[in-house]
Amino acid sequence: MNKKKNHEEKMRVSFDLDEVLFVNPNFIKAEPQLKFPLNIIYKERLRLGTPDLVKELQRLGYEVWIYTSSFRPEKYIKRLFKHYNVHFDGIVNAQRHLKEVQQGNKDILPQKLPSKYRISLHVDDETVVCSLGPQYGYTTYKLEAEDDNWKEKIIEKAEHIKHLPK
């Protein structure tokens with residue numbers, strides 16, 4: 001029972017995919033391409049340091065999630081990251097968001113609502129997603145296109161949030 005309680009109390013950090021974890025290697029430093037034939041199936045390239053960051057956050061006791069407005073299937077996302085030895089604690093794609101968040105509400109809700117999933121920190125590149133955080137009760141870190149210190153900054157931000165008085 002204590003194990004379950006501790007699991008529920010873990011702080012959650014989520015990442016967008018496109019332009020955050022998936023990048024164009026012509027403009028942003030990327031992890032090496034997967035070997036053939038996997039590079040044909042999984043064309044996306046990971047931002048340099050992504051596997052290390054996810055594993056470090058999990059080692060520090062965080063749950064790490066994907067929260068994307070992409071319609072990529074959850075299985076596809078899981079399988080792609082499995083080839084980098086990365087496991088996510090939760091995945092919210094566009095289908096899940098529409099089903100669980102929008103749910104036929106007459107008011108159009110934001111394309112992402114991390115607070116619905118008890119996500120304490122969401123990392124995104126889109127200004128609109130980041131700007132809606134205070135209104136909808138979530139904290140964001142806006143990732144700039146190229147930042148060699150992005151991993152350290154995200155860990156620092158997560159640690160800061162974790163130690164805020166509740």
# chains A, B, ... in the order shown; residues from 1 in each chain; ligands from 1
$ select_by_dssp --residues "chain A" --states "strand (DSSP E or B)" --output "PDB file with N, CA and C atoms, in the first residue's frame"
ATOM      1  N   ARG A  12       4.842  15.032 -11.686  1.00  0.00           N
ATOM      2  CA  ARG A  12       4.833  14.693 -13.106  1.00  0.00           C
ATOM      3  C   ARG A  12       5.405  15.842 -13.945  1.00  0.00           C
ATOM      4  N   VAL A  13       6.266  15.459 -14.885  1.00  0.00           N
ATOM      5  CA  VAL A  13       6.828  16.386 -15.867  1.00  0.00           C
ATOM      6  C   VAL A  13       6.441  15.844 -17.238  1.00  0.00           C
ATOM      7  N   SER A  14       5.907  16.702 -18.104  1.00  0.00           N
ATOM      8  CA  SER A  14       5.525  16.244 -19.440  1.00  0.00           C
ATOM      9  C   SER A  14       6.255  17.049 -20.509  1.00  0.00           C
ATOM     10  N   PHE A  15       6.377  16.419 -21.665  1.00  0.00           N
ATOM     11  CA  PHE A  15       7.048  17.023 -22.807  1.00  0.00           C
ATOM     12  C   PHE A  15       6.159  16.941 -24.033  1.00  0.00           C
ATOM     13  N   ASP A  18       6.749  17.506 -31.054  1.00  0.00           N
ATOM     14  CA  ASP A  18       7.271  18.235 -32.202  1.00  0.00           C
ATOM     15  C   ASP A  18       7.956  19.530 -31.794  1.00  0.00           C
ATOM     16  N   PHE A  22      11.167  15.876 -30.668  1.00  0.00           N
ATOM     17  CA  PHE A  22      11.436  15.561 -32.074  1.00  0.00           C
ATOM     18  C   PHE A  22      11.903  16.851 -32.745  1.00  0.00           C
ATOM     19  N   VAL A  23      13.110  16.808 -33.339  1.00  0.00           N
ATOM     20  CA  VAL A  23      13.676  18.025 -33.927  1.00  0.00           C
ATOM     21  C   VAL A  23      14.210  17.762 -35.320  1.00  0.00           C
ATOM     22  N   ALA A  30      20.869  16.640 -32.657  1.00  0.00           N
ATOM     23  CA  ALA A  30      19.987  15.484 -32.497  1.00  0.00           C
ATOM     24  C   ALA A  30      20.781  14.240 -32.123  1.00  0.00           C
ATOM     25  N   ARG A  45      13.720  12.454 -35.350  1.00  0.00           N
ATOM     26  CA  ARG A  45      15.022  12.499 -34.693  1.00  0.00           C
ATOM     27  C   ARG A  45      14.840  13.154 -33.329  1.00  0.00           C
ATOM     28  N   LEU A  46      15.451  12.560 -32.325  1.00  0.00           N
ATOM     29  CA  LEU A  46      15.342  13.073 -30.957  1.00  0.00           C
ATOM     30  C   LEU A  46      16.348  14.179 -30.707  1.00  0.00           C
ATOM     31  N   ARG A  47      15.918  15.193 -29.980  1.00  0.00           N
ATOM     32  CA  ARG A  47      16.818  16.254 -29.533  1.00  0.00           C
ATOM     33  C   ARG A  47      17.961  15.607 -28.753  1.00  0.00           C
ATOM     34  N   GLU A  63       7.689  11.306 -12.407  1.00  0.00           N
ATOM     35  CA  GLU A  63       7.037  10.600 -13.507  1.00  0.00           C
ATOM     36  C   GLU A  63       7.246  11.474 -14.737  1.00  0.00           C
ATOM     37  N   VAL A  64       7.573  10.854 -15.853  1.00  0.00           N
ATOM     38  CA  VAL A  64       7.785  11.612 -17.084  1.00  0.00           C
ATOM     39  C   VAL A  64       6.751  11.173 -18.111  1.00  0.00           C
ATOM     40  N   TRP A  65       6.045  12.167 -18.646  1.00  0.00           N
ATOM     41  CA  TRP A  65       4.952  11.940 -19.584  1.00  0.00           C
ATOM     42  C   TRP A  65       5.228  12.634 -20.909  1.00  0.00           C
ATOM     43  N   ILE A  66       4.514  12.197 -21.922  1.00  0.00           N
ATOM     44  CA  ILE A  66       4.405  12.903 -23.202  1.00  0.00           C
ATOM     45  C   ILE A  66       3.015  13.514 -23.219  1.00  0.00           C
ATOM     46  N   TYR A  67       2.929  14.792 -23.601  1.00  0.00           N
ATOM     47  CA  TYR A  67       1.631  15.436 -23.818  1.00  0.00           C
ATOM     48  C   TYR A  67       1.751  16.187 -25.139  1.00  0.00           C
ATOM     49  N   GLY A  90       3.364   8.027 -18.788  1.00  0.00           N
ATOM     50  CA  GLY A  90       2.050   8.314 -19.346  1.00  0.00           C
ATOM     51  C   GLY A  90       2.186   9.027 -20.676  1.00  0.00           C
ATOM     52  N   ILE A  91       1.213   8.837 -21.539  1.00  0.00           N
ATOM     53  CA  ILE A  91       1.212   9.499 -22.843  1.00  0.00           C
ATOM     54  C   ILE A  91      -0.185  10.045 -23.104  1.00  0.00           C
ATOM     55  N   VAL A  92      -0.250  11.328 -23.419  1.00  0.00           N
ATOM     56  CA  VAL A  92      -1.503  11.953 -23.832  1.00  0.00           C
ATOM     57  C   VAL A  92      -1.268  12.471 -25.245  1.00  0.00           C
ATOM     58  N   ILE A 119      -0.160  17.092 -14.007  1.00  0.00           N
ATOM     59  CA  ILE A 119       1.197  17.352 -14.474  1.00  0.00           C
ATOM     60  C   ILE A 119       1.636  18.680 -13.862  1.00  0.00           C
ATOM     61  N   SER A 120       2.753  18.652 -13.153  1.00  0.00           N
ATOM     62  CA  SER A 120       3.236  19.842 -12.453  1.00  0.00           C
ATOM     63  C   SER A 120       4.051  20.767 -13.350  1.00  0.00           C
ATOM     64  N   LEU A 121       4.743  20.202 -14.340  1.00  0.00           N
ATOM     65  CA  LEU A 121       5.560  20.995 -15.258  1.00  0.00           C
ATOM     66  C   LEU A 121       5.418  20.427 -16.660  1.00  0.00           C
ATOM     67  N   HIS A 122       5.052  21.294 -17.605  1.00  0.00           N
ATOM     68  CA  HIS A 122       4.942  20.881 -19.012  1.00  0.00           C
ATOM     69  C   HIS A 122       5.971  21.659 -19.819  1.00  0.00           C
ATOM     70  N   VAL A 123       6.764  20.945 -20.628  1.00  0.00           N
ATOM     71  CA  VAL A 123       7.793  21.543 -21.469  1.00  0.00           C
ATOM     72  C   VAL A 123       7.267  21.605 -22.898  1.00  0.00           C
ATOM     73  N   ASP A 124       7.254  22.816 -23.466  1.00  0.00           N
ATOM     74  CA  ASP A 124       6.692  23.029 -24.791  1.00  0.00           C
ATOM     75  C   ASP A 124       7.472  24.130 -25.487  1.00  0.00           C
ATOM     76  N   THR A 139       2.041  24.844 -14.895  1.00  0.00           N
ATOM     77  CA  THR A 139       3.310  25.541 -15.040  1.00  0.00           C
ATOM     78  C   THR A 139       4.029  24.994 -16.267  1.00  0.00           C
ATOM     79  N   THR A 140       4.662  25.886 -17.018  1.00  0.00           N
ATOM     80  CA  THR A 140       5.358  25.467 -18.231  1.00  0.00           C
ATOM     81  C   THR A 140       6.808  25.917 -18.209  1.00  0.00           C
ATOM     82  N   TYR A 141       7.574  25.256 -19.029  1.00  0.00           N
ATOM     83  CA  TYR A 141       8.923  25.706 -19.362  1.00  0.00           C
ATOM     84  C   TYR A 141       8.941  25.837 -20.875  1.00  0.00           C
ATOM     85  N   LYS A 142       9.199  27.047 -21.369  1.00  0.00           N
ATOM     86  CA  LYS A 142       9.236  27.267 -22.820  1.00  0.00           C
ATOM     87  C   LYS A 142      10.641  26.955 -23.308  1.00  0.00           C
TER      88      LYS A 142
END
$ select_by_dssp --residues "chain A" --states "alpha helix (DSSP H)" --output "PyMOL selection string"
chain A and resi 2-9+38-41+50-59+74-82+94-97+127-131+133-136+150-162
$ residues_around --residues "Gln58 in chain A" --least-positions-apart "4" --cutoff "12 Å" --atoms "only C-alpha atoms" --output "VMD selection string"
chain A and resid 7 10 to 14 51 to 54 62 to 65 86 to 89 155 158
$ atom_distance --atom1 "CA of Tyr42 in chain A" --atom2 "CA of Thr68 in chain A"
17.0 Å
$ atom_distance --atom1 "CA of Leu17 in chain A" --atom2 "CA of Lys112 in chain A"
12.4 Å
$ atom_distance --atom1 "CA of Leu34 in chain A" --atom2 "CA of Phe81 in chain A"
10.7 Å
$ residues_around --residues "Lys116 in chain A" --least-positions-apart "6" --cutoff "10 Å" --atoms "only C-alpha atoms" --output "VMD selection string"
chain A and resid 97 100 to 101 136 to 138
$ write_last_selection --atoms "C-alpha atoms" --output "mmCIF file, in the first residue's frame"
data_model
loop_
_atom_site.group_PDB
_atom_site.id
_atom_site.type_symbol
_atom_site.label_atom_id
_atom_site.label_comp_id
_atom_site.auth_asym_id
_atom_site.auth_seq_id
_atom_site.Cartn_x
_atom_site.Cartn_y
_atom_site.Cartn_z
ATOM 1 C CA HIS A 97 -6.983 14.731 -25.095
ATOM 2 C CA GLU A 100 -10.823 12.944 -21.833
ATOM 3 C CA VAL A 101 -10.419 16.728 -21.818
ATOM 4 C CA TYR A 136 -5.661 26.900 -16.586
ATOM 5 C CA GLY A 137 -3.557 25.996 -13.553
ATOM 6 C CA TYR A 138 -0.356 24.531 -14.964
#
$ closest_residue --among "A:Asp16, A:Glu9, A:Asp148, A:Glu126" --to "Ser69 in chain A" --atoms "only C-alpha atoms"
A:Asp16
